[in-house]
>>> print(open('input15.txt').read())   # compact mmCIF, C-alpha atoms
# COMPACT_ATOMS: atom_id res chain seq x y z
CA MET S 1 61.39 -7.83 1.02
CA ALA S 2 57.65 -7.99 0.86
CA LYS S 3 56.25 -7.25 -2.54
CA ALA S 4 52.87 -5.75 -3.15
CA VAL S 5 50.17 -8.32 -3.63
CA HIS S 6 48.82 -8.32 -7.14
CA LEU S 7 45.15 -7.61 -7.74
CA ASP S 8 44.88 -11.05 -9.28
CA GLN S 9 45.17 -12.49 -5.79
CA ARG S 10 41.41 -12.70 -6.11
CA TYR S 11 41.86 -15.75 -8.31
CA LEU S 12 43.73 -17.51 -5.54
CA ILE S 13 41.04 -16.56 -3.06
CA GLY S 14 38.45 -17.94 -5.46
CA LEU S 15 40.35 -21.21 -5.77
CA VAL S 16 40.71 -21.61 -2.03
CA ASN S 17 37.02 -20.94 -1.55
CA ASN S 18 36.13 -23.36 -4.32
CA ASP S 19 34.26 -20.54 -6.01
CA ALA S 20 32.72 -22.09 -9.11
CA ALA S 21 32.39 -18.79 -10.94
CA VAL S 22 36.05 -17.90 -10.49
CA ILE S 23 37.18 -21.41 -11.40
CA ASN S 24 35.06 -21.24 -14.50
CA GLU S 25 36.58 -17.90 -15.37
CA ILE S 26 40.07 -19.37 -15.03
CA TYR S 27 39.26 -22.27 -17.31
CA LYS S 28 37.62 -19.98 -19.80
CA LYS S 29 40.63 -17.71 -19.88
CA CYS S 30 43.49 -20.20 -19.83
CA ALA S 31 42.31 -23.69 -20.74
CA GLY S 32 42.39 -23.08 -24.49
CA LYS S 33 45.95 -21.80 -24.41
CA VAL S 34 47.25 -24.70 -22.35
CA LYS S 35 45.43 -27.13 -24.57
CA SER S 36 46.94 -25.80 -27.76
CA PHE S 37 50.41 -25.69 -26.22
CA ILE S 38 50.23 -29.29 -25.08
CA VAL S 39 48.56 -30.64 -28.18
CA PHE S 40 51.21 -28.89 -30.25
CA ASN S 41 53.87 -30.50 -28.08
CA ASN S 42 53.12 -34.20 -28.45
CA GLY S 43 50.23 -34.25 -26.03
CA THR S 44 46.51 -34.90 -26.17
CA ALA S 45 43.51 -32.97 -24.90
CA ASN S 46 43.39 -35.40 -22.00
CA ASP S 47 46.99 -34.66 -21.08
CA ALA S 48 46.12 -30.99 -21.17
CA GLU S 49 43.16 -31.49 -18.88
CA ASP S 50 45.28 -33.39 -16.36
CA ILE S 51 48.13 -30.91 -16.44
CA PHE S 52 45.78 -28.00 -16.06
CA GLN S 53 44.02 -29.64 -13.14
CA GLU S 54 47.25 -30.63 -11.41
CA SER S 55 48.62 -27.13 -11.79
CA LEU S 56 45.51 -25.62 -10.27
CA VAL S 57 45.73 -28.06 -7.37
CA ASP S 58 49.35 -27.05 -6.80
CA VAL S 59 48.41 -23.39 -6.82
CA TYR S 60 45.46 -24.10 -4.52
CA ASN S 61 47.61 -25.98 -2.00
CA GLN S 62 50.18 -23.27 -2.06
CA ALA S 63 47.57 -20.57 -1.52
CA LYS S 64 45.67 -22.46 1.15
CA TYR S 65 48.47 -23.92 3.21
CA LYS S 66 51.39 -21.67 2.43
CA ASP S 67 49.60 -18.39 2.03
CA LEU S 68 50.92 -17.80 -1.48
CA GLN S 69 50.83 -14.10 -2.29
CA LEU S 70 50.71 -13.39 -5.96
CA SER S 71 53.06 -10.60 -6.94
CA CYS S 72 52.45 -11.02 -10.67
CA PRO S 73 49.38 -11.40 -12.89
CA PHE S 74 47.64 -14.73 -12.53
CA GLU S 75 47.31 -15.81 -16.15
CA PRO S 76 50.97 -15.86 -17.22
CA PHE S 77 51.80 -17.42 -13.88
CA LEU S 78 49.39 -20.30 -14.36
CA LEU S 79 50.40 -20.77 -17.99
CA LEU S 80 54.03 -20.97 -16.97
CA VAL S 81 53.26 -23.51 -14.25
CA CYS S 82 51.34 -25.63 -16.77
CA LYS S 83 54.07 -25.40 -19.39
CA ARG S 84 56.78 -26.41 -16.99
CA LYS S 85 54.72 -29.26 -15.70
CA TRP S 86 54.19 -30.51 -19.21
CA LEU S 87 57.85 -30.16 -20.17
CA ASN S 88 58.75 -32.20 -17.07
CA GLU S 89 56.22 -34.80 -18.06
CA LEU S 90 57.75 -35.00 -21.53
CA LYS S 91 61.15 -35.44 -19.98
CA LYS S 92 59.79 -38.37 -18.01
CA ARG S 93 58.35 -39.86 -21.17
CA SER S 94 61.69 -39.03 -22.82
CA ILE S 95 60.23 -37.11 -25.71
CA SER S 96 62.00 -33.94 -26.68
CA PRO S 97 59.62 -31.04 -26.83
CA VAL S 98 59.04 -28.94 -29.92
CA THR S 99 59.20 -25.75 -27.95
CA LYS S 100 62.56 -25.15 -26.42
CA GLY S 101 62.48 -23.92 -22.89
CA GLU S 102 60.53 -20.79 -22.27
CA ASP S 103 61.82 -18.57 -25.03
CA ASP S 104 58.34 -18.47 -26.52
CA LEU S 105 56.95 -16.86 -23.40
CA LEU S 106 56.78 -13.19 -23.99
CA HIS S 107 55.89 -10.46 -21.57
CA ILE S 108 56.71 -12.47 -18.54
CA GLY S 109 58.21 -10.71 -15.58
CA GLU S 110 60.82 -12.07 -13.22
CA ASP S 111 58.23 -12.41 -10.50
CA THR S 112 56.27 -14.86 -12.54
CA PHE S 113 59.29 -17.07 -13.03
CA GLU S 114 60.19 -16.83 -9.40
CA GLN S 115 56.74 -17.82 -8.21
CA ALA S 116 56.42 -20.67 -10.66
CA GLU S 117 59.85 -21.87 -9.60
CA ARG S 118 58.88 -21.92 -5.97
CA LEU S 119 55.75 -23.86 -6.75
CA GLU S 120 57.77 -26.45 -8.59
CA GLU S 121 60.25 -26.78 -5.75
CA GLU S 122 57.48 -27.34 -3.27
CA LYS S 123 56.00 -29.98 -5.51
CA GLU S 124 59.30 -31.79 -5.80
CA GLN S 125 59.75 -31.64 -2.08
CA THR S 126 56.34 -33.13 -1.51
CA THR S 127 57.21 -35.99 -3.84
CA LEU S 128 60.32 -36.59 -1.75
CA PHE S 129 58.29 -36.66 1.46
CA LEU S 130 55.85 -39.10 -0.06
CA LYS S 131 58.64 -41.38 -1.23
CA ALA S 132 60.07 -41.47 2.28
CA PHE S 133 56.62 -42.17 3.63
CA GLU S 134 56.24 -45.12 1.28
CA LYS S 135 59.46 -46.59 2.60
CA LEU S 136 58.14 -46.75 6.13
CA GLY S 137 56.77 -49.96 7.59
CA GLU S 138 53.08 -50.76 7.16
CA ARG S 139 52.25 -50.02 10.78
CA CYS S 140 53.95 -46.64 10.62
CA LYS S 141 52.14 -45.71 7.44
CA GLU S 142 48.84 -46.71 8.94
CA ILE S 143 49.44 -44.72 12.10
CA ILE S 144 50.55 -41.56 10.30
CA LYS S 145 47.77 -41.69 7.77
CA TRP S 146 45.06 -42.26 10.33
CA SER S 147 46.29 -39.68 12.76
CA MET S 148 46.21 -37.08 10.01
CA GLN S 149 42.52 -37.53 9.28
CA GLY S 150 41.62 -34.66 11.56
CA GLU S 151 39.69 -36.86 13.96
CA ALA S 152 40.28 -36.71 17.70
CA GLN S 153 43.48 -38.68 18.34
CA GLU S 154 41.83 -40.69 21.10
CA LYS S 155 39.36 -41.98 18.53
CA VAL S 156 42.13 -42.79 16.09
CA ALA S 157 43.89 -44.82 18.77
CA GLU S 158 40.69 -46.68 19.47
CA ALA S 159 40.17 -47.42 15.79
CA LEU S 160 43.71 -48.75 15.51
CA GLY S 161 43.30 -50.84 18.63
CA VAL S 162 46.07 -49.17 20.60
CA THR S 163 46.19 -46.84 23.59
CA TYR S 164 46.37 -43.10 23.09
CA GLY S 165 49.79 -43.04 24.72
CA TYR S 166 51.11 -45.71 22.38
CA LEU S 167 49.76 -43.86 19.36
CA ARG S 168 51.64 -40.68 20.30
CA LYS S 169 54.84 -42.58 20.99
CA LYS S 170 54.66 -44.60 17.81
CA LYS S 171 53.73 -41.63 15.65
CA SER S 172 56.69 -39.60 16.95
CA GLU S 173 59.03 -42.47 16.16
CA CYS S 174 57.59 -43.03 12.71
CA MET S 175 57.66 -39.35 11.80
CA ALA S 176 61.20 -39.03 13.12
CA SER S 177 62.43 -41.86 10.93
CA LEU S 178 60.61 -40.35 7.96
CA ILE S 179 62.31 -37.00 8.49
CA LYS S 180 65.67 -38.67 8.82
CA MET S 181 65.10 -40.44 5.52
CA VAL S 182 64.19 -37.15 3.87
CA GLN S 183 67.36 -35.55 5.17
CA ILE S 184 69.54 -38.33 3.85
CA ASN S 185 67.96 -38.01 0.42
CA GLN S 186 68.23 -34.23 0.24
CA MET O 187 73.33 -35.31 18.64
CA THR O 188 71.12 -34.58 15.64
CA GLU O 189 69.36 -37.97 15.69
CA ASP O 190 68.12 -37.40 19.15
CA LYS O 191 66.84 -33.94 18.42
CA ILE O 192 64.62 -35.00 15.55
CA LEU O 193 62.90 -37.59 17.68
CA LEU O 194 62.71 -35.15 20.55
CA THR O 195 60.97 -32.62 18.32
CA ALA O 196 58.54 -35.24 17.06
CA ARG O 197 57.70 -36.27 20.59
CA TYR O 198 57.20 -32.66 21.56
CA VAL O 199 54.80 -31.93 18.72
CA GLU O 200 52.89 -35.17 19.11
CA GLY O 201 52.47 -34.65 22.84
CA ASP O 202 54.53 -37.65 23.81
CA MET O 203 56.28 -35.89 26.68
CA ASP O 204 55.48 -35.54 30.34
CA GLU O 205 55.21 -32.10 31.86
CA ALA O 206 58.82 -31.88 32.94
CA GLU O 207 60.15 -32.95 29.54
CA ASN O 208 57.81 -30.56 27.84
CA ALA O 209 58.93 -27.63 29.93
CA ASP O 210 62.55 -28.59 29.44
CA PHE O 211 62.11 -28.77 25.66
CA GLU O 212 60.49 -25.35 25.55
CA MET O 213 63.26 -23.91 27.66
CA ARG O 214 65.96 -25.34 25.46
CA MET O 215 64.25 -24.22 22.32
CA GLN O 216 64.54 -20.58 23.34
CA SER O 217 68.26 -20.65 22.74
CA ASP O 218 68.81 -23.76 20.61
CA THR O 219 68.49 -22.71 16.97
CA GLU O 220 68.89 -26.28 15.81
CA LEU O 221 65.79 -27.31 17.74
CA GLN O 222 63.91 -24.35 16.32
CA GLU O 223 64.90 -25.47 12.85
CA HIS O 224 63.78 -29.04 13.55
CA LEU O 225 60.46 -27.82 14.80
CA LYS O 226 59.90 -25.79 11.66
CA ASP O 227 60.89 -28.73 9.45
CA TYR O 228 58.68 -31.09 11.36
CA LYS O 229 55.63 -28.90 10.93
CA HIS O 230 56.42 -28.38 7.27
CA VAL O 231 56.78 -32.08 6.49
CA HIS O 232 53.72 -32.94 8.53
CA GLN O 233 51.61 -30.37 6.73
CA ARG O 234 52.81 -31.35 3.26
CA LEU O 235 52.10 -34.99 3.95
CA LYS O 236 48.73 -34.27 5.43
CA ILE O 237 47.63 -32.50 2.26
CA GLN O 238 48.52 -35.61 0.28
CA LEU O 239 47.50 -38.33 2.70
CA ALA O 240 44.45 -36.85 4.28
CA PRO O 241 42.92 -34.11 2.14
CA ASP O 242 40.11 -32.35 3.96
CA GLN O 243 36.55 -32.05 2.71
CA GLN O 244 37.26 -28.71 1.07
CA ASP O 245 40.20 -30.11 -0.87
CA ILE O 246 38.06 -32.95 -2.13
CA ALA O 247 35.26 -30.60 -3.08
CA PHE O 248 37.73 -28.36 -4.89
CA LYS O 249 39.06 -31.23 -6.97
CA GLU O 250 35.52 -32.22 -7.82
CA THR O 251 34.84 -28.73 -9.12
CA LEU O 252 37.98 -28.89 -11.24
CA LYS O 253 36.97 -32.22 -12.69
CA HIS O 254 33.56 -30.96 -13.69
CA THR O 255 34.80 -27.67 -15.06
CA GLY O 256 37.69 -29.33 -16.86
CA ALA O 257 35.34 -31.73 -18.59
CA GLN O 258 33.57 -28.78 -20.17
CA TYR O 259 36.67 -27.10 -21.47
CA PHE O 260 38.84 -29.98 -22.54
CA ALA O 261 36.32 -32.47 -23.83
CA ALA O 262 37.50 -33.72 -27.21
CA PRO O 263 34.58 -34.05 -29.60
CA LYS O 264 35.06 -37.73 -30.21
CA VAL O 265 33.11 -40.93 -29.62
CA VAL O 266 30.68 -40.47 -26.80
CA SER O 267 30.69 -43.55 -24.67
CA PHE O 268 27.66 -44.88 -22.89
CA LYS O 269 29.24 -43.89 -19.64
CA THR O 270 29.51 -40.24 -20.62
CA ASN O 271 25.94 -40.44 -21.80
CA LEU O 272 24.92 -41.56 -18.35
CA LYS O 273 26.93 -38.75 -16.83
CA TRP O 274 25.12 -36.29 -19.04
CA LEU O 275 21.79 -37.80 -18.22
CA SER O 276 22.39 -37.46 -14.51
CA GLY O 277 23.47 -33.89 -15.13
CA VAL O 278 20.34 -33.18 -17.11
CA ALA O 279 18.24 -34.82 -14.42
CA ALA O 280 19.90 -32.67 -11.78
CA VAL O 281 19.24 -29.53 -13.78
CA LEU O 282 15.62 -30.54 -14.25
CA ILE O 283 15.16 -31.16 -10.56
CA ILE O 284 16.76 -27.88 -9.61
CA GLY O 285 14.68 -26.18 -12.28
CA LEU O 286 11.54 -27.71 -10.85
CA LEU O 287 12.47 -26.60 -7.36
CA VAL O 288 13.06 -23.05 -8.52
CA TRP O 289 10.04 -22.91 -10.75
CA ALA O 290 7.92 -24.87 -8.29
CA PRO O 291 4.71 -25.20 -10.25
CA TRP O 292 3.01 -26.56 -7.15
CA ARG O 293 3.67 -23.36 -5.32
CA SER O 294 1.05 -20.85 -6.19
CA ASN O 295 2.57 -18.05 -4.14
CA LEU O 296 3.80 -15.64 -6.77
CA TYR O 297 5.27 -13.33 -4.17
CA GLN O 298 7.65 -16.00 -2.99
CA THR O 299 8.74 -16.57 -6.56
CA TYR O 300 9.15 -12.99 -7.61
CA HIS O 301 10.13 -11.06 -4.52
CA ILE O 302 13.46 -9.34 -4.50
CA ASP O 303 16.15 -11.62 -3.25
CA ALA O 304 18.84 -8.99 -3.06
CA GLN O 305 21.93 -8.77 -0.96
CA MET O 306 22.65 -5.43 0.55
CA LEU O 307 26.20 -4.57 -0.35
CA VAL O 308 27.90 -1.79 1.49
CA THR O 309 31.37 -0.90 0.44
CA GLU O 310 32.99 2.16 1.75
CA ARG O 311 36.52 2.56 0.63
CA GLY O 312 39.02 2.84 3.41
CA ALA O 313 36.39 2.66 6.12
CA GLU O 314 37.79 0.72 9.01
CA LYS O 315 35.13 1.23 11.61
CA ILE O 316 32.03 -0.88 11.40
CA THR O 317 29.25 1.59 10.82
CA ASP O 318 25.55 1.24 11.49
CA LEU O 319 25.17 0.85 7.76
CA ASP O 320 27.44 -2.21 7.80
CA LYS O 321 25.47 -3.64 10.66
CA ALA O 322 22.20 -3.01 8.85
CA ALA O 323 23.56 -4.75 5.76
CA VAL O 324 24.54 -7.81 7.77
CA LEU O 325 21.14 -7.98 9.42
CA PHE O 326 19.38 -7.50 6.10
CA ASN O 327 21.43 -10.21 4.41
CA ASP O 328 20.74 -12.55 7.32
CA GLN O 329 17.06 -11.85 6.72
CA LYS O 330 16.68 -10.35 10.17
CA TYR O 331 14.35 -7.73 8.75
CA VAL O 332 12.88 -6.44 11.99
CA GLU O 333 16.29 -5.52 13.36
CA ALA O 334 17.51 -4.30 9.99
CA GLN O 335 14.46 -2.11 9.63
CA ASN O 336 15.02 -0.53 13.07
CA LEU O 337 18.55 0.44 12.18
CA LEU O 338 17.66 1.59 8.69
CA ALA O 339 14.85 3.77 10.08
CA LYS O 340 17.49 5.61 12.07
CA LEU O 341 19.82 5.91 9.10
CA VAL O 342 17.08 7.26 6.86
CA GLN O 343 16.63 10.09 9.35
CA GLN O 344 20.33 10.82 9.30
CA GLN O 345 20.77 10.62 5.55
CA PRO O 346 17.51 11.69 3.95
CA GLU O 347 19.20 11.96 0.55
CA ASN O 348 20.55 8.42 0.41
CA ALA O 349 18.45 6.41 -2.04
CA MET O 350 20.13 3.12 -1.19
CA ILE O 351 19.22 3.31 2.47
CA HIS O 352 15.65 4.22 1.60
CA TYR O 353 15.44 1.33 -0.82
CA TYR O 354 16.62 -1.29 1.64
CA TYR O 355 14.51 0.25 4.37
CA GLY O 356 11.54 -0.18 2.05
CA LEU O 357 12.44 -3.77 1.25
CA SER O 358 12.74 -4.59 4.95
CA LEU O 359 9.35 -3.05 5.62
CA ILE O 360 7.80 -5.19 2.89
CA GLU O 361 9.32 -8.28 4.42
CA ILE O 362 7.76 -7.53 7.77
CA ASN O 363 4.45 -6.68 6.15
CA LYS O 364 4.39 -2.96 6.81
CA LEU O 365 3.30 -2.47 3.24
CA VAL O 366 1.75 0.97 3.32
CA GLU O 367 4.74 2.35 5.15
CA ALA O 368 7.05 0.63 2.69
CA ARG O 369 5.32 2.29 -0.24
CA SER O 370 5.56 5.69 1.40
CA ILE O 371 9.33 5.19 1.58
CA LEU O 372 9.76 3.67 -1.86
CA THR O 373 7.56 5.99 -3.91
CA PRO O 374 9.90 8.98 -3.51
CA VAL O 375 12.85 6.72 -4.43
CA TYR O 376 11.02 5.97 -7.66
CA GLY O 377 10.23 9.66 -8.10
CA ASN O 378 13.86 10.72 -7.92
CA GLU O 379 16.67 9.89 -10.26
CA SER O 380 18.94 7.26 -8.78
CA VAL O 381 20.18 3.79 -9.63
CA PHE O 382 17.44 2.48 -7.37
CA LYS O 383 14.61 4.15 -9.32
CA TYR O 384 13.30 1.05 -11.07
CA ASP O 385 14.30 -1.28 -8.27
CA ALA O 386 11.96 0.78 -6.16
CA ALA O 387 9.17 0.44 -8.74
CA TYR O 388 9.57 -3.31 -8.71
CA ALA O 389 9.61 -3.37 -4.93
CA ILE O 390 6.36 -1.40 -4.83
CA ALA O 391 4.86 -3.88 -7.28
CA MET O 392 5.93 -6.63 -4.88
CA SER O 393 4.24 -4.91 -1.98
CA TYR O 394 0.95 -4.93 -3.91
CA LEU O 395 1.50 -8.52 -4.95
CA LYS O 396 1.90 -9.45 -1.32
CA GLU O 397 -1.61 -8.19 -0.55
CA ASP O 398 -2.91 -9.68 -3.78
CA GLN O 399 -3.78 -6.31 -5.30
CA LYS O 400 -3.10 -7.44 -8.81
CA SER O 401 -4.12 -4.35 -10.71
CA ASP O 402 -1.88 -2.04 -8.68
CA CYS O 403 0.89 -4.56 -8.95
CA LYS O 404 0.54 -4.51 -12.73
CA ILE O 405 0.58 -0.73 -12.91
CA TRP O 406 3.93 -0.65 -11.14
CA LEU O 407 5.39 -3.51 -13.12
CA GLN O 408 4.59 -1.66 -16.31
CA LYS O 409 6.73 1.25 -15.18
CA ILE O 410 9.85 -0.87 -15.44
CA PRO O 411 11.66 -0.22 -18.72
CA GLU O 412 13.55 -2.72 -20.80
CA GLY O 413 17.19 -3.09 -19.95
CA THR O 414 16.80 -2.66 -16.21
CA THR O 415 17.50 -5.32 -13.62
CA HIS O 416 13.99 -6.51 -12.97
CA TYR O 417 12.58 -6.16 -16.48
CA GLN O 418 12.56 -9.88 -17.30
CA LYS O 419 10.91 -10.80 -14.05
CA ALA O 420 8.39 -8.02 -14.47
CA ILE O 421 7.40 -9.20 -17.95
CA GLU O 422 7.11 -12.78 -16.74
CA LEU O 423 5.00 -11.82 -13.79
CA LEU O 424 2.77 -9.58 -15.93
CA GLY O 425 2.10 -12.64 -18.07
CA LYS O 426 1.05 -14.66 -15.06
CA LEU O 427 -1.18 -11.95 -13.62
CA LYS O 428 -3.40 -11.73 -16.70
>>> encode(input="input15.txt", output="structure tokens")
Amino acid sequence: MAKAVHLDQRYLIGLVNNDAAVINEIYKKCAGKVKSFIVFNNGTANDAEDIFQESLVDVYNQAKYKDLQLSCPFEPFLLLVCKRKWLNELKKRSISPVTKGEDDLLHIGEDTFEQAERLEEEKEQTTLFLKAFEKLGERCKEIIKWSMQGEAQEKVAEALGVTYGYLRKKKSECMASLIKMVQINQ
Amino acid sequence: MTEDKILLTARYVEGDMDEAENADFEMRMQSDTELQEHLKDYKHVHQRLKIQLAPDQQDIAFKETLKHTGAQYFAAPKVVSFKTNLKWLSGVAAVLIIGLLVWAPWRSNLYQTYHIDAQMLVTERGAEKITDLDKAAVLFNDQKYVEAQNLLAKLVQQQPENAMIHYYYGLSLIEINKLVEARSILTPVYGNESVFKYDAAYAIAMSYLKEDQKSDCKIWLQKIPEGTTHYQKAIELLGKLK
């Protein structure tokens, strides 16, 4: 069921348009909170900066390419995304966090959790795709990467020293084996 | 066979099929839900990878903005390395250059510096049709003042009470050098109570500035009270006109 789009969708629009004023507003509003959370939880200001930036990139990608419609307020959503990202990072570094789970997050609606969850899933999926990509042969990687640059495919073929027909054939094969790898791993 | 279908889908999307194969694939897809699923997956994977492998210019620009903004908000007040110093210096240099360009001491034309660089914003709630007012706003914002002025002239007739239309009509007239006419439109806007009252006063001052009538320009600048939009500019300009 389609939910009403929250007024805070404007933040997503600002991100997608690379609107410096909106981005500044977001940092002003949320950066301090993320910083204190991370610094309090075994992190540094640099960690906080990275996590914050990565989270915004995730949100941006989701809004730009997947038409993310915000059905909850932006701030708690972003904070939740950042917190989860940091808790995952701690898990990787095998440090147990001071804050347990999300029980410190008050006033957060179900929507917020749901949207943050989806963002995380997408991110994990992308990591899976990239891993499969890395397993491909050098030639395949080269062909896929180049053909995605947005240039005319004829030009790409020329740059790679192959015919246009060969490029299409090879790319289909490479992408097919990548997708098969992803399916095996899922 | 699943294997076959994945490759088939890839070949379809990448244009590695001849016409007959292509037509056949499209036919089959109408009823074959598995193929439809593969097609969706293919596009999804392709798009996700593209974002990572070949970010477009906008994506790169966006990340740049984040880096710069982040540096302001997360910077730990610790040892400042030479490198950061350099970064700051280049920033300062950039600001200075931009400042110089805006201030432009070599440009003696005060009108260019102080004229109203406003955007005409028309928001009518719930309006779906594009009205003449919308069109006029677009023309005005594109600096097509002759066309904007033509439309606005019509609108002024239709809505003699609308201060906004009068104001932008006046501004357009100034831009195309119909200064006397502009003042005859703007003076009543100043005379009445509306949010455009002091904007109109400033605009009239600009019209005098444009013909280098400094004393009249000053008289109108002095009408602008503190706390209004153009006050700062007015004070600055008054200083320069002495």
>>> interface_residues(input="input15.txt", of="chain S", to="chain O", cutoff="7 Å", atoms="all atoms listed in the file", output="number ranges by chain")
S: 18, 20, 24, 27, 31, 45, 49, 53, 126, 129-130, 145, 148-149, 168-169, 172-173, 175-176
>>> residues_around(input="input15.txt", residues="Phe133 (chain S)", least_positions_apart="4", cutoff="10 Å", atoms="all atoms listed in the file", output="number ranges by chain")
S: 127-129, 137-138, 140-141, 144-145, 174-175, 177-179, 181-182; O: 235, 239
>>> closest_residue(input="input15.txt", among="O:Met215, O:Leu423, O:Ala334, O:Met306", to="Asp318 (chain O)", atoms="all atoms listed in the file")
O:Ala334
>>> closest_residue(input="input15.txt", among="S:Gln183, S:Lys35, S:Gly43, S:Leu136", to="Arg93 (chain S)", atoms="only C-alpha atoms")
S:Gly43
>>> atom_distance(input="input15.txt", atom1="CA of Leu87 (chain S)", atom2="CA of Phe37 (chain S)")
10.6 Å
>>> atom_distance(input="input15.txt", atom1="CA of Leu325 (chain O)", atom2="CA of Ile360 (chain O)")
15.1 Å
>>> atom_distance(input="input15.txt", atom1="CA of Ile302 (chain O)", atom2="CA of Ala279 (chain O)")
27.8 Å
>>> decode(input="input15.txt", residues="region 108-114 of chain S", atoms="all heavy atoms", output="compact mmCIF listing (two decimals), in the first residue's frame")
# COMPACT_ATOMS: atom_id res chain seq x y z
N ILE S 108 10.75 6.67 17.70
CA ILE S 108 10.97 6.27 16.32
C ILE S 108 9.83 5.37 15.88
O ILE S 108 9.49 4.40 16.54
CB ILE S 108 12.33 5.58 16.18
CG1 ILE S 108 13.41 6.65 16.21
CG2 ILE S 108 12.40 4.76 14.92
CD1 ILE S 108 14.73 6.19 15.75
N GLY S 109 9.24 5.76 14.75
CA GLY S 109 8.09 5.00 14.27
C GLY S 109 8.54 3.77 13.50
O GLY S 109 9.70 3.62 13.16
N GLU S 110 7.58 2.88 13.23
CA GLU S 110 7.89 1.67 12.50
C GLU S 110 8.43 1.98 11.12
O GLU S 110 9.31 1.31 10.62
CB GLU S 110 6.60 0.87 12.34
CG GLU S 110 6.57 -0.40 13.14
CD GLU S 110 5.20 -1.03 13.04
OE1 GLU S 110 4.90 -1.52 11.96
OE2 GLU S 110 4.45 -1.00 14.04
N ASP S 111 7.85 3.01 10.51
CA ASP S 111 8.27 3.38 9.16
C ASP S 111 9.76 3.62 9.08
O ASP S 111 10.42 3.24 8.13
CB ASP S 111 7.57 4.68 8.74
CG ASP S 111 6.15 4.41 8.33
OD1 ASP S 111 5.76 3.23 8.37
OD2 ASP S 111 5.45 5.37 7.97
N THR S 112 10.25 4.30 10.11
CA THR S 112 11.66 4.65 10.11
C THR S 112 12.51 3.39 10.08
O THR S 112 13.48 3.29 9.32
CB THR S 112 11.99 5.49 11.35
OG1 THR S 112 10.97 6.46 11.51
CG2 THR S 112 13.32 6.17 11.22
N PHE S 113 12.13 2.44 10.93
CA PHE S 113 12.87 1.18 10.97
C PHE S 113 12.81 0.47 9.63
O PHE S 113 13.80 -0.01 9.12
CB PHE S 113 12.29 0.26 12.05
CG PHE S 113 12.84 0.55 13.40
CD1 PHE S 113 12.09 1.19 14.36
CD2 PHE S 113 14.16 0.19 13.70
CE1 PHE S 113 12.62 1.49 15.60
CE2 PHE S 113 14.68 0.47 14.95
CZ PHE S 113 13.91 1.13 15.90
N GLU S 114 11.60 0.47 9.09
CA GLU S 114 11.39 -0.24 7.84
C GLU S 114 12.26 0.34 6.74
O GLU S 114 12.91 -0.39 5.98
CB GLU S 114 9.93 -0.06 7.46
CG GLU S 114 9.23 -1.32 7.03
CD GLU S 114 7.80 -0.99 6.74
OE1 GLU S 114 7.00 -1.05 7.68
OE2 GLU S 114 7.47 -0.66 5.58
